[in-house]
$ cat data.tsv   # TSV, C-alpha atoms and all ligand atoms
chain	number	residue	atom	x	y	z
A	13	MET	CA	16.03	26.12	-5.94
A	14	HIS	CA	17.14	24.97	-2.48
A	15	LYS	CA	19.77	22.33	-1.93
A	16	ASP	CA	18.28	18.80	-1.88
A	17	ILE	CA	17.84	17.15	1.52
A	18	ALA	CA	18.50	13.68	0.13
A	19	THR	CA	22.21	13.79	-0.55
A	20	PRO	CA	24.42	11.58	1.64
A	21	VAL	CA	26.36	14.62	2.89
A	22	ARG	CA	23.37	16.78	3.76
A	23	THR	CA	21.45	13.88	5.33
A	24	LYS	CA	24.44	13.06	7.53
A	25	ALA	CA	24.80	16.69	8.57
A	26	ILE	CA	21.11	16.97	9.50
A	27	LEU	CA	21.16	13.73	11.49
A	28	GLU	CA	24.32	14.75	13.34
A	29	LYS	CA	23.05	18.23	14.12
A	30	TYR	CA	20.01	16.78	15.89
A	31	GLY	CA	21.78	13.70	17.31
A	32	PHE	CA	19.14	11.56	15.62
A	33	SER	CA	19.34	7.79	16.08
A	34	PHE	CA	17.29	5.52	13.80
A	35	LYS	CA	14.49	3.45	15.28
A	36	LYS	CA	14.39	0.11	13.57
A	37	SER	CA	10.98	-0.57	15.13
A	38	LEU	CA	9.57	2.37	13.12
A	39	GLY	CA	10.98	1.15	9.81
A	40	GLN	CA	13.30	4.15	9.51
A	41	ASN	CA	15.35	3.72	6.33
A	42	PHE	CA	15.86	7.13	4.75
A	43	LEU	CA	16.48	7.73	1.06
A	44	ILE	CA	19.73	9.46	0.15
A	45	ASP	CA	19.50	9.43	-3.64
A	46	THR	CA	17.74	12.33	-5.34
A	47	ASN	CA	17.49	10.48	-8.67
A	48	ILE	CA	15.45	7.70	-7.08
A	49	LEU	CA	13.24	10.27	-5.36
A	50	LYS	CA	12.64	12.12	-8.61
A	51	ASN	CA	11.80	8.84	-10.36
A	52	ILE	CA	9.27	8.01	-7.66
A	53	VAL	CA	7.64	11.40	-8.00
A	54	ASP	CA	7.61	11.07	-11.82
A	55	GLN	CA	5.58	7.87	-11.44
A	56	ALA	CA	2.87	9.81	-9.60
A	57	GLU	CA	2.34	12.18	-12.57
A	58	LEU	CA	1.60	15.20	-10.41
A	59	THR	CA	0.72	18.70	-11.52
A	60	ASP	CA	0.48	21.91	-9.52
A	61	ARG	CA	-3.24	21.14	-9.17
A	62	SER	CA	-2.52	17.78	-7.52
A	63	GLY	CA	-2.57	17.12	-3.81
A	64	ALA	CA	-0.01	14.68	-2.40
A	65	ILE	CA	-0.31	12.62	0.78
A	66	GLU	CA	2.88	11.19	2.23
A	67	ILE	CA	3.27	8.60	4.96
A	68	GLY	CA	6.44	8.86	7.02
A	69	PRO	CA	8.35	11.93	5.81
A	70	GLY	CA	11.45	11.13	7.90
A	71	ILE	CA	13.69	14.19	7.50
A	72	GLY	CA	11.73	15.38	4.46
A	73	ALA	CA	13.69	13.91	1.53
A	74	LEU	CA	10.60	12.92	-0.46
A	75	THR	CA	8.34	15.58	1.05
A	76	GLU	CA	10.58	18.25	-0.45
A	77	GLN	CA	10.31	16.77	-3.96
A	78	LEU	CA	6.53	16.50	-3.54
A	79	ALA	CA	6.27	20.13	-2.37
A	80	ARG	CA	8.13	21.18	-5.52
A	81	ARG	CA	6.04	19.10	-7.88
A	82	SER	CA	2.49	19.27	-6.46
A	83	GLY	CA	0.08	21.92	-5.26
A	84	LYS	CA	0.33	20.79	-1.65
A	85	VAL	CA	1.68	17.91	0.40
A	86	VAL	CA	0.31	16.60	3.69
A	87	ALA	CA	2.54	14.11	5.50
A	88	TYR	CA	1.84	11.85	8.51
A	89	GLU	CA	4.82	11.23	10.78
A	90	ILE	CA	4.58	9.10	13.92
A	91	ASP	CA	8.01	9.96	15.39
A	92	GLN	CA	7.91	13.17	17.41
A	93	ARG	CA	11.72	13.52	17.26
A	94	LEU	CA	11.46	14.26	13.54
A	95	LEU	CA	9.12	17.26	13.91
A	96	PRO	CA	11.75	19.90	14.73
A	97	ILE	CA	13.97	18.51	12.00
A	98	LEU	CA	11.17	18.72	9.42
A	99	GLU	CA	10.41	22.25	10.54
A	100	GLU	CA	13.93	23.24	9.58
A	101	THR	CA	14.45	21.15	6.44
A	102	LEU	CA	11.07	22.03	4.91
A	103	ALA	CA	11.11	25.69	5.96
A	104	PRO	CA	11.50	26.87	2.33
A	105	TYR	CA	8.16	25.30	1.34
A	106	ASP	CA	4.83	26.90	2.22
A	107	ASN	CA	2.65	24.24	0.59
A	108	LYS	CA	3.27	21.49	3.13
A	109	LYS	CA	1.69	20.29	6.33
A	110	ILE	CA	3.07	17.72	8.74
A	111	ILE	CA	0.60	15.82	10.92
A	112	HIS	CA	2.10	14.10	13.95
A	113	GLU	CA	0.02	10.93	13.98
A	114	ASP	CA	0.09	7.20	13.36
A	115	VAL	CA	-1.40	6.97	9.88
A	116	LEU	CA	-3.20	3.77	10.84
A	117	LYS	CA	-5.19	5.73	13.44
A	118	ALA	CA	-5.69	8.83	11.30
A	119	ASP	CA	-8.97	10.03	9.82
A	120	VAL	CA	-7.55	10.48	6.32
A	121	SER	CA	-10.95	11.05	4.75
A	122	THR	CA	-11.67	14.13	6.90
A	123	MET	CA	-8.12	15.38	6.34
A	124	ILE	CA	-8.69	15.19	2.57
A	125	GLN	CA	-11.91	17.21	2.88
A	126	ASP	CA	-10.17	19.82	5.02
A	127	GLU	CA	-6.89	20.12	3.12
A	128	PHE	CA	-7.54	19.25	-0.50
A	129	SER	CA	-10.85	20.77	-1.52
A	130	GLY	CA	-10.55	22.24	-5.00
A	131	PHE	CA	-7.58	20.10	-6.00
A	132	GLU	CA	-7.83	18.22	-9.27
A	133	ASP	CA	-6.56	14.89	-8.04
A	134	ILE	CA	-4.88	13.33	-5.01
A	135	MET	CA	-2.01	10.84	-4.96
A	136	VAL	CA	-0.45	9.01	-2.04
A	137	VAL	CA	3.33	8.90	-2.47
A	138	ALA	CA	5.53	7.27	0.15
A	139	ASN	CA	8.61	5.34	1.11
A	140	LEU	CA	6.65	3.13	3.50
A	141	PRO	CA	7.79	1.85	6.90
A	142	TYR	CA	8.20	-1.85	6.07
A	143	TYR	CA	6.80	-3.20	9.35
A	144	VAL	CA	3.31	-1.93	8.40
A	145	THR	CA	3.30	-1.90	4.58
A	146	THR	CA	0.24	-4.09	4.09
A	147	PRO	CA	-1.97	-2.55	6.81
A	148	ILE	CA	-1.27	0.93	5.42
A	149	ILE	CA	-2.06	0.00	1.82
A	150	MET	CA	-5.21	-1.90	2.83
A	151	LYS	CA	-6.40	0.97	5.04
A	152	LEU	CA	-6.03	3.46	2.19
A	153	LEU	CA	-7.92	1.18	-0.21
A	154	GLU	CA	-10.65	-0.08	2.12
A	155	GLU	CA	-11.57	3.42	3.24
A	156	LYS	CA	-12.41	4.20	-0.38
A	157	LEU	CA	-10.66	7.55	-0.25
A	158	PRO	CA	-11.04	9.92	-3.20
A	159	ILE	CA	-7.47	9.31	-4.41
A	160	ARG	CA	-6.22	8.62	-7.96
A	161	GLY	CA	-3.62	6.16	-6.80
A	162	ILE	CA	-0.65	5.21	-4.66
A	163	VAL	CA	3.03	5.19	-5.61
A	164	CYS	CA	5.12	3.65	-2.88
A	165	MET	CA	8.41	2.04	-2.01
A	166	LEU	CA	8.06	-1.27	-0.20
A	167	GLN	CA	9.71	-4.66	0.22
A	168	LYS	CA	10.22	-6.28	-3.20
A	169	GLU	CA	8.70	-9.48	-1.88
A	170	VAL	CA	5.44	-7.66	-1.02
A	171	ALA	CA	5.50	-5.83	-4.37
A	172	ASP	CA	5.74	-9.22	-6.08
A	173	ARG	CA	2.75	-10.54	-4.17
A	174	ILE	CA	0.66	-7.43	-4.81
A	175	SER	CA	1.19	-7.44	-8.57
A	176	ALA	CA	1.14	-11.23	-9.09
A	177	SER	CA	-1.03	-12.95	-11.72
A	178	PRO	CA	-3.07	-16.14	-11.20
A	179	GLY	CA	-1.06	-19.35	-11.49
A	180	THR	CA	2.17	-17.86	-10.08
A	181	LYS	CA	3.70	-18.65	-6.71
A	182	ASP	CA	3.27	-15.08	-5.45
A	183	TYR	CA	-0.45	-14.90	-6.23
A	184	GLY	CA	-2.64	-14.94	-3.15
A	185	SER	CA	-5.27	-13.12	-1.11
A	186	LEU	CA	-3.12	-9.94	-1.00
A	187	SER	CA	-2.89	-9.85	-4.82
A	188	ILE	CA	-6.66	-10.14	-5.01
A	189	ALA	CA	-7.37	-7.64	-2.23
A	190	VAL	CA	-5.24	-4.97	-3.94
A	191	GLN	CA	-6.16	-5.79	-7.53
A	192	TYR	CA	-9.85	-5.72	-6.61
A	193	TYR	CA	-9.52	-1.96	-6.07
A	194	THR	CA	-6.58	-1.07	-8.36
A	195	THR	CA	-4.41	-1.99	-11.29
A	196	ALA	CA	-1.00	-2.76	-9.84
A	197	GLU	CA	2.42	-2.51	-11.47
A	198	THR	CA	5.96	-2.77	-10.18
A	199	VAL	CA	7.71	0.22	-11.74
A	200	MET	CA	11.18	0.10	-10.19
A	201	ILE	CA	13.50	-2.30	-8.38
A	202	VAL	CA	15.63	-0.35	-5.94
A	203	PRO	CA	19.07	-1.28	-4.59
A	204	LYS	CA	19.73	-1.24	-0.83
A	205	THR	CA	22.54	1.30	-1.28
A	206	VAL	CA	20.14	4.25	-1.68
A	207	PHE	CA	19.02	4.04	1.97
A	208	VAL	CA	20.55	4.87	5.35
A	209	PRO	CA	20.62	2.59	7.17
A	210	GLN	CA	20.36	-0.07	4.46
A	211	PRO	CA	17.34	-2.35	4.92
A	212	ASN	CA	17.82	-6.12	5.19
A	213	VAL	CA	15.50	-6.84	2.27
A	214	ASP	CA	15.29	-5.80	-1.38
A	215	SER	CA	12.97	-2.94	-2.28
A	216	ALA	CA	10.70	-1.98	-5.15
A	217	VAL	CA	8.35	0.82	-6.11
A	218	ILE	CA	4.79	-0.02	-7.12
A	219	ARG	CA	2.11	2.10	-8.70
A	220	LEU	CA	-1.51	1.36	-7.84
A	221	THR	CA	-4.11	3.11	-9.96
A	222	LEU	CA	-7.61	3.05	-8.58
A	223	ARG	CA	-10.22	1.45	-10.81
A	224	ASP	CA	-13.44	3.35	-11.56
A	225	GLU	CA	-15.31	0.20	-10.51
A	226	PRO	CA	-13.94	-2.78	-8.55
A	227	ALA	CA	-12.42	-5.53	-10.73
A	228	VAL	CA	-15.51	-7.68	-10.19
A	229	LYS	CA	-19.01	-6.90	-8.99
A	230	VAL	CA	-20.09	-9.03	-6.03
A	231	ILE	CA	-23.09	-9.32	-3.72
A	232	SER	CA	-20.96	-8.77	-0.62
A	233	GLU	CA	-17.37	-7.50	-0.53
A	234	ASP	CA	-16.86	-8.86	2.99
A	235	PHE	CA	-17.92	-12.33	1.95
A	236	PHE	CA	-15.83	-12.14	-1.26
A	237	PHE	CA	-12.73	-11.42	0.86
A	238	THR	CA	-13.66	-14.19	3.32
A	239	VAL	CA	-13.87	-16.63	0.40
A	240	THR	CA	-10.54	-15.53	-1.10
A	241	LYS	CA	-8.71	-15.67	2.25
A	242	SER	CA	-10.22	-19.08	3.01
A	243	SER	CA	-9.17	-20.40	-0.40
A	244	PHE	CA	-5.50	-19.68	0.31
A	245	ALA	CA	-5.44	-20.85	3.94
A	246	GLN	CA	-3.25	-23.82	3.02
A	247	ARG	CA	-1.74	-23.38	-0.39
A	248	ARG	CA	-1.24	-27.08	-1.07
A	249	LYS	CA	-4.86	-27.96	-0.39
A	250	THR	CA	-7.58	-27.93	-3.05
A	251	ILE	CA	-10.06	-25.11	-3.10
A	252	LEU	CA	-12.79	-27.51	-1.92
A	253	ASN	CA	-10.78	-28.61	1.11
A	254	ASN	CA	-9.78	-25.07	2.05
A	255	LEU	CA	-13.32	-23.73	1.79
A	256	THR	CA	-14.72	-26.69	3.71
A	257	SER	CA	-12.27	-26.30	6.57
A	258	GLN	CA	-12.14	-22.49	6.64
A	259	LEU	CA	-15.64	-21.15	6.01
A	260	PRO	CA	-17.77	-20.95	9.14
A	261	GLU	CA	-20.06	-24.01	9.00
A	262	GLY	CA	-18.11	-25.14	5.94
A	263	LYS	CA	-17.92	-28.71	7.16
A	264	GLU	CA	-21.72	-28.97	7.44
A	265	LYS	CA	-22.13	-27.33	4.05
A	266	LYS	CA	-19.69	-29.33	1.95
A	267	GLU	CA	-22.42	-30.32	-0.53
A	268	GLN	CA	-23.39	-26.69	-1.10
A	269	ILE	CA	-19.73	-25.77	-1.63
A	270	ILE	CA	-19.37	-28.50	-4.26
A	271	THR	CA	-22.53	-27.28	-6.00
A	272	ALA	CA	-21.34	-23.65	-5.96
A	273	LEU	CA	-17.97	-24.69	-7.43
A	274	ASN	CA	-19.66	-26.71	-10.16
A	275	ASP	CA	-22.14	-23.89	-10.90
A	276	SER	CA	-19.17	-21.53	-11.31
A	277	GLY	CA	-17.41	-23.94	-13.68
A	278	ILE	CA	-14.57	-24.45	-11.20
A	279	ASP	CA	-13.14	-27.94	-10.73
A	280	PRO	CA	-13.19	-28.60	-6.93
A	281	THR	CA	-9.70	-30.13	-7.16
A	282	ARG	CA	-8.12	-26.89	-8.38
A	283	ARG	CA	-5.99	-24.82	-6.00
A	284	GLY	CA	-6.90	-21.27	-5.02
A	285	GLU	CA	-3.83	-19.87	-6.73
A	286	THR	CA	-5.22	-20.86	-10.16
A	287	LEU	CA	-8.45	-18.85	-9.84
A	288	SER	CA	-8.82	-15.41	-11.43
A	289	ILE	CA	-10.51	-12.55	-9.58
A	290	GLU	CA	-13.55	-13.02	-11.85
A	291	GLU	CA	-13.77	-16.70	-10.86
A	292	PHE	CA	-13.52	-15.78	-7.16
A	293	GLY	CA	-16.28	-13.22	-7.71
A	294	MET	CA	-18.57	-15.75	-9.34
A	295	LEU	CA	-17.82	-18.38	-6.70
A	296	SER	CA	-18.44	-16.00	-3.82
A	297	ASP	CA	-21.84	-14.99	-5.25
A	298	LYS	CA	-22.83	-18.66	-5.76
A	299	LEU	CA	-21.79	-19.50	-2.19
A	300	TYR	CA	-23.40	-16.43	-0.65
A	301	PRO	CA	-27.00	-17.73	-0.23
A	302	SER	CA	-25.82	-20.87	1.61
A	303	PHE	CA	-23.87	-18.82	4.13
A	304	HIS	CA	-26.34	-16.01	4.86
B	401	LIG	N1	10.22	9.48	3.59
B	401	LIG	C1	11.51	9.32	4.24
B	401	LIG	C2	12.54	8.93	3.21
B	401	LIG	O1	12.13	8.39	2.17
B	401	LIG	O2	13.72	9.12	3.46
B	401	LIG	C3	11.45	8.29	5.38
B	401	LIG	C4	10.92	6.91	5.04
B	401	LIG	S1	11.11	5.70	6.29
B	401	LIG	C5	11.16	4.23	5.32
B	401	LIG	C6	9.51	5.54	7.05
B	401	LIG	C7	9.02	6.71	7.89
B	401	LIG	O3	7.71	6.38	8.39
B	401	LIG	C8	9.84	7.03	9.12
B	401	LIG	O4	10.05	8.41	9.17
B	401	LIG	C9	8.98	6.57	10.31
B	401	LIG	O5	9.20	7.30	11.50
B	401	LIG	C10	7.59	6.78	9.75
B	401	LIG	N2	6.53	5.92	10.33
B	401	LIG	C11	6.66	4.66	10.81
B	401	LIG	N3	5.46	4.17	11.20
B	401	LIG	C12	4.55	5.14	10.94
B	401	LIG	C13	3.13	5.24	11.14
B	401	LIG	N4	2.42	4.22	11.66
B	401	LIG	N5	2.50	6.39	10.79
B	401	LIG	C14	3.22	7.43	10.26
B	401	LIG	N6	4.55	7.39	10.06
B	401	LIG	C15	5.22	6.27	10.38

$ encode --input "data.tsv" --output "structure tokens"
Amino acid sequence: MHKDIATPVRTKAILEKYGFSFKKSLGQNFLIDTNILKNIVDQAELTDRSGAIEIGPGIGALTEQLARRSGKVVAYEIDQRLLPILEETLAPYDNKKIIHEDVLKADVSTMIQDEFSGFEDIMVVANLPYYVTTPIIMKLLEEKLPIRGIVCMLQKEVADRISASPGTKDYGSLSIAVQYYTTAETVMIVPKTVFVPQPNVDSAVIRLTLRDEPAVKVISEDFFFTVTKSSFAQRRKTILNNLTSQLPEGKEKKEQIITALNDSGIDPTRRGETLSIEEFGMLSDKLYPSFH
């Protein structure tokens, strides 16, 4: 077994050798604790027939653990300066591929077809760049990729919002967007001390497991998400007021909105944060004919 990349001493030596300076704008906070990395990989429940997709390998700390524990790992890295470093640090592993690309612009679906045919399952495992956490997670879910799930490190505050239940302060359109596609759990709270440089915010690891079917069946997904976003536009407003002011033509259709709320058994004076995904599903289907 090769020496781990993610020890403080080895990380420092690698960074010094290449004269690497961190770019805050790219969310570069590298992990220097092998126990945390192993815990993250444990959460993904990989086998040697699993494919792993990583976003932002950095100097390869997590990539290395994934190469050891999966059949193959493909990692997207946006920062060209890291490519020669990764070439050296990951040289002992044949079952890895680094793609130099912004993951938000990448055709992940075609990559999966090209790189992972014949694999039993595919997991995304990442210590995400915090400036783009939500766009990355939503891209992976909205593209309906053939993945089993996502295990990722992110800001604790975003983890709280993603896994929140109705009636709590963190529950909102992000909770619904993610829980529509997955079951979401926070599996670890992570101290700042395991990163270099240390981030300004607290971190957590979440596990998202894709559902076989979305949490609720709706006539139109787009309209369902429009309704949920509109319902949380101003958290202190009632659902009726938010929908009336936010939905296109909502003001002209206030009567229809009241009828749809009543038909769904939802008191128009409730706030969006009290509605379950099922209630949003029902409401969006009742509203749909008036808005199409
Ligand atoms: N995986 C490494 C670790 O855990 O030590 C590094 C994680 S660091 C939080 C995030 C990494 O994502 C950095 O290497 C950064 O350059 C890369 N990155 C930032 N934005 C990206 C993007 N849009 N697409 C791909 N990689 C990105």

$ closest_residue --input "data.tsv" --among "A:Met123, A:Ile289, A:Ile159, A:Leu78" --to "ligand LIG 401 (chain B)" --atoms "all atoms listed in the file"
A:Leu78

$ residues_around --input "data.tsv" --residues "region 262-267 of chain A" --least-positions-apart "2" --cutoff "12 Å" --atoms "all atoms listed in the file" --output "list in words"
Val239, Ser242, Ser243, Ile251, Leu252, Asn253, Asn254, Leu255, Thr256, Ser257, Gln258, Leu259, Pro260, Ile269, Ile270, Thr271, Ala272, Leu273, Asn274, Pro280, Leu299, Tyr300, Pro301, Ser302 and Phe303 of chain A

$ residues_near_ligand --input "data.tsv" --ligand "ligand LIG 401 (chain B)" --cutoff "6 Å" --atoms "all atoms listed in the file" --output "PyMOL selection string"
chain A and resi 38-43+67-70+73-74+88-91+114-116+139-141

$ atom_distance --input "data.tsv" --atom1 "CA of Val230 (chain A)" --atom2 "CA of Thr145 (chain A)"
26.7 Å

$ closest_residue --input "data.tsv" --among "A:Thr238, A:Thr286, A:Thr195, A:Ser121" --to "Pro178 (chain A)" --atoms "only C-alpha atoms"
A:Thr286

$ closest_residue --input "data.tsv" --among "A:Asp279, A:Asp106, A:Glu28, A:Asp45" --to "Val206 (chain A)" --atoms "only C-alpha atoms"
A:Asp45
